[in-house]
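Single-structure report; data block below.
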Amino acid sequence: MNVRIVQNRKNFMNLTNILRTHGCRHLSAQAAVQPKRNANTQNIVLVDGVRTPFLTSGTSYSNLMPHELARHSLLSLLQKTRLDKELVDYIVYGSVIQEVKTSNIGREAALSAGFSDKTPAHTVTMACISSNAAITTGMGLIATNTYDVIVAGGVEFMSDVPIRHSRKMRSLLLKANRAKTLGQRLSLLSTFRPGFLAPELPAVAEFSSGETMGHSADRLASAFNVTRKEQDDYALRSHLMAKKAQESGYFTDLVPFKVQGVDQIVDKDNGIRVSSPESLAKLKPAFVKPYGTITAANASFLSDGASACLIMTEEKAKQLGLKPKAYLRDFLYVSQDPVNQLLLGPAYGIPKLLKKAGLALKDVDTWEIHEAFAGQIVANLKALDSDWFCKTYMGLNEKVGSPDLSKWNNWGGSLSIGHPFAATGVRLCMHTANRLVREDGKLGVVAACAAGGQGVAMLIERYPGATAD
């Protein structure tokens with residue numbers, strides 16, 4: 001792959017050598033690296049997490065409802081951790097495009113999974129970082145000693161999205177419902193026009209700008225001089241890494257799902273497809289036509305899936321005899337211009353998180369960064385390695401630098417595994433925890449962009465004796 005990082009507006013550095021495989025540093029070599037911690041806070045741990053297989057929308061999950069996917073993730077989490085559901089104090093669940101019948105899907109999924117009706121649950125929405133928001137909300141509830149045991153997760157179901165009547169048709173129907181006489185109803189009927197029947201699909205554009213995320217990604221790639229080849233090469237890398245991890249049995253957070261009406265058990269992600277560079281190059285632009293560089297192959301695809309994880313204090317985990325995967329050490333959220341910097345959340349969040357924790361790039365052993373578009377990933381890398389960008393937009397004295405890409409999304413990412421919007425955050429955290437074990441690392445960073453020009457960055461530390469099962 002030939003990823004180039006911006007040194008300033010005109011000068012670039014070739015990163016081919018950075019992408020070659022390096023040996024991972026041993027945990028013992030990093031014993032001195034300790035993130036800053038507030039002495040008054042308790043250790044919060046990620047005990048374990050699960051997810052359904054992530055499927056392209058319109059496939060094996062298409063006849064389900066979102067709460068059924070969510071219920072499977074909740075039940076699977078309880079089964080994997082062997083936790084009595086009565087011990088769960090609170091449930092926080094994410095969802096972006098919500099089913100109107102189950103708007104508080106966290107509560108509906110919990111009830112359908114058999115949790116006590118005395119267990120509170122609420123739903124959060126923060127676009128692609130919704131389950132990150134669920135996790136950090138849980139961390140806050142624990143840090144304030146409000147609760148001890150939290151389940152956090154998220155679900156997205158793009159196979160059946162709510163489609164509304166037009167505003168004029170909705171208004172007409174509501175008025176008709178209030179009409180008391182036949183004359184009033186006939187009068188309203190006379191105002192009907194065929195154009196009222198045009199449906200309204202869920203927004204695929206930013207409300208603040210009216211621009212689709214794909215168009216914004218194309219402009220971002222152009223602004224950072226990201227070539228079509230760089231994007232296709234990165235997308236191919238994502239699929240190759242995911243395929244290798246899948247075949248190696250590394251996706252231990254994935255729990256099979258027997259879907260009613262589907263003959264075969266759904267037991268793997270179905271979007272991982274390794275193509276040749278030549279076939280990728282033949283695809284036409286998907287958004288900015290005919291000169292754009294974002295295609296169906298270097299953009300994440302619409303997906304269905306759900307995830308859930310268990311977090312609590314370290315003390316509580318010991319009391320319950322549970323072996324955590326990781327410490328949840330720190331997090332922060334960022335937001336910036338949703339027009340021209342919509343997808344730069346990682347570039348803004350990563351340096352702030354590292355500074356807050358007293359760490360440097362070299363201290364990070366695993367990077368799990370959400371891949372909305374290949375162009376978005378490469379643009380964020382170039383932003384981090386640009387003196388001009390870091391000084392002009394982030395107020396830094398110098399560039400942050402380039403993360404070691406031999407530690408970057410080594411099991412693939414959203415481009416290949418799939419991206420059910422509100423479920424991805426848990427996957428990122430679980431892949432970080434499990435990769436730290438398999439790659440003998442200590443500290444991992446999770447980061448993601450989201451609609452609205454927002455983003456998240458989280459710091460995760462391997463728990464002593466953790467396993468990757």
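Simple scheme: letters A, B, ... for chains in structure tokens order, numbers from 1 for residues in each chain, numbers from 1 for ligands in the order shown.
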
Next item on the list: Tell me which protein, DNA and RNA residues are within 8 Å of segment 45-54 of chain A, counting only C-alpha atoms, leaving out same-chain ones fewer than 2 positions away, and put them as a VMD selection string.
Entry: chain A and resid 43 56 69 72 to 73 76 to 77 81 253 to 257 266 to 271 303 to 314 317 322 to 328 417 to 420 423 426 to 427 430

Item checked: Counting only C-alpha atoms, the residue of A:Asn380, A:Asn104, A:Ser57, A:Gln319 that sits nearest Val161 of chain A -> A:Ser57

Next item on the list: Apply DSSP to the structure's backbone, then extract all residues of segment 228-421 of chain A labelled helix (DSSP H, G or I) and return them as a ChimeraX atom specification.
Entry: /A:228-247,277-281,314-320,345-357,361-363,374-384,387-394,405-407,414-417,421

Notebook entry, point to check: From the list A:Val456, A:Val274, A:Ala466, A:Ile369, which residue is nearest Asn434 of chain A when using only C-alpha atoms?
Noted result: A:Ala466

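Nearest residue to Lys229 of chain A among A:Ala203, A:Ala176, A:Leu283, A:Leu186 is A:Leu283, counting only C-alpha atoms.
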
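Here the question is which of A:Glu99, A:Asp148, A:Glu108, A:Asp387 gets nearest to Pro162 of chain A using only C-alpha atoms, and that residue is A:Glu99.
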
Note to self: Set the distance at 9 Å and use only C-alpha atoms: which residues neighbour Asp337 of chain A once local chain neighbours fewer than 2 positions away are removed? I'd like the list as number ranges by chain.
What the structure shows: A: 335, 339-342, 452-454

Check: Which distance in Å separates atom CA of Lys316 of chain A and atom CA of Asn145 of chain A, to one decimal?
Finding: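 Atom-to-atom, atom CA of Lys316 of chain A and atom CA of Asn145 of chain A are spaced 12.0 Å apart.
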
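Those residues of segment 127-161 of chain A that DSSP, working from the backbone, places in strand (DSSP E or B) are Cys128, Val149, Ile150, Val151, Ala152, Gly153, Gly154, Val155, Glu156 and Phe157 of chain A.
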
Margin query: Taking only C-alpha atoms into account, name the residue in A:Tyr393, A:Phe301, A:Phe251, A:Phe196 that is nearest to Ser166 of chain A.
Written below: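 Among A:Tyr393, A:Phe301, A:Phe251, A:Phe196, it is A:Phe196 that comes nearest to Ser166 of chain A.
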
Next item on the list: Could you give me, as a PyMOL selection string, the residues within 12 Å of Lys175 of chain A, counting only C-alpha atoms and dropping anything in the same chain fewer than 2 positions from it?
Entry: chain A and resi 168-173+177-181+184-189+191-192

Dump C-alpha atoms for the selected residues as a PDB file, in the first residue's frame?
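Wrote part_38.pdb, looks like this:
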ATOM      1  CA  LYS A 168     -48.082  17.388   3.651  1.00  0.00           C
ATOM      2  CA  MET A 169     -49.542  13.892   3.707  1.00  0.00           C
ATOM      3  CA  ARG A 170     -48.884  13.529   7.421  1.00  0.00           C
ATOM      4  CA  SER A 171     -50.573  16.839   8.078  1.00  0.00           C
ATOM      5  CA  LEU A 172     -53.580  15.814   6.006  1.00  0.00           C
ATOM      6  CA  LEU A 173     -53.933  12.498   7.826  1.00  0.00           C
ATOM      7  CA  ASN A 177     -58.192  12.042  12.245  1.00  0.00           C
ATOM      8  CA  ARG A 178     -59.484  15.122  14.079  1.00  0.00           C
ATOM      9  CA  ALA A 179     -62.316  15.819  11.628  1.00  0.00           C
ATOM     10  CA  LYS A 180     -65.712  15.253  13.238  1.00  0.00           C
ATOM     11  CA  THR A 181     -68.122  15.404  10.298  1.00  0.00           C
ATOM     12  CA  GLN A 184     -64.959  18.231   7.146  1.00  0.00           C
ATOM     13  CA  ARG A 185     -63.445  15.015   5.817  1.00  0.00           C
ATOM     14  CA  LEU A 186     -64.595  15.739   2.246  1.00  0.00           C
ATOM     15  CA  SER A 187     -63.203  19.252   2.500  1.00  0.00           C
ATOM     16  CA  LEU A 188     -59.829  17.865   3.525  1.00  0.00           C
ATOM     17  CA  LEU A 189     -59.937  15.261   0.760  1.00  0.00           C
ATOM     18  CA  THR A 191     -56.882  19.403  -0.754  1.00  0.00           C
ATOM     19  CA  PHE A 192     -55.117  16.127  -1.536  1.00  0.00           C
TER      20      PHE A 192
END
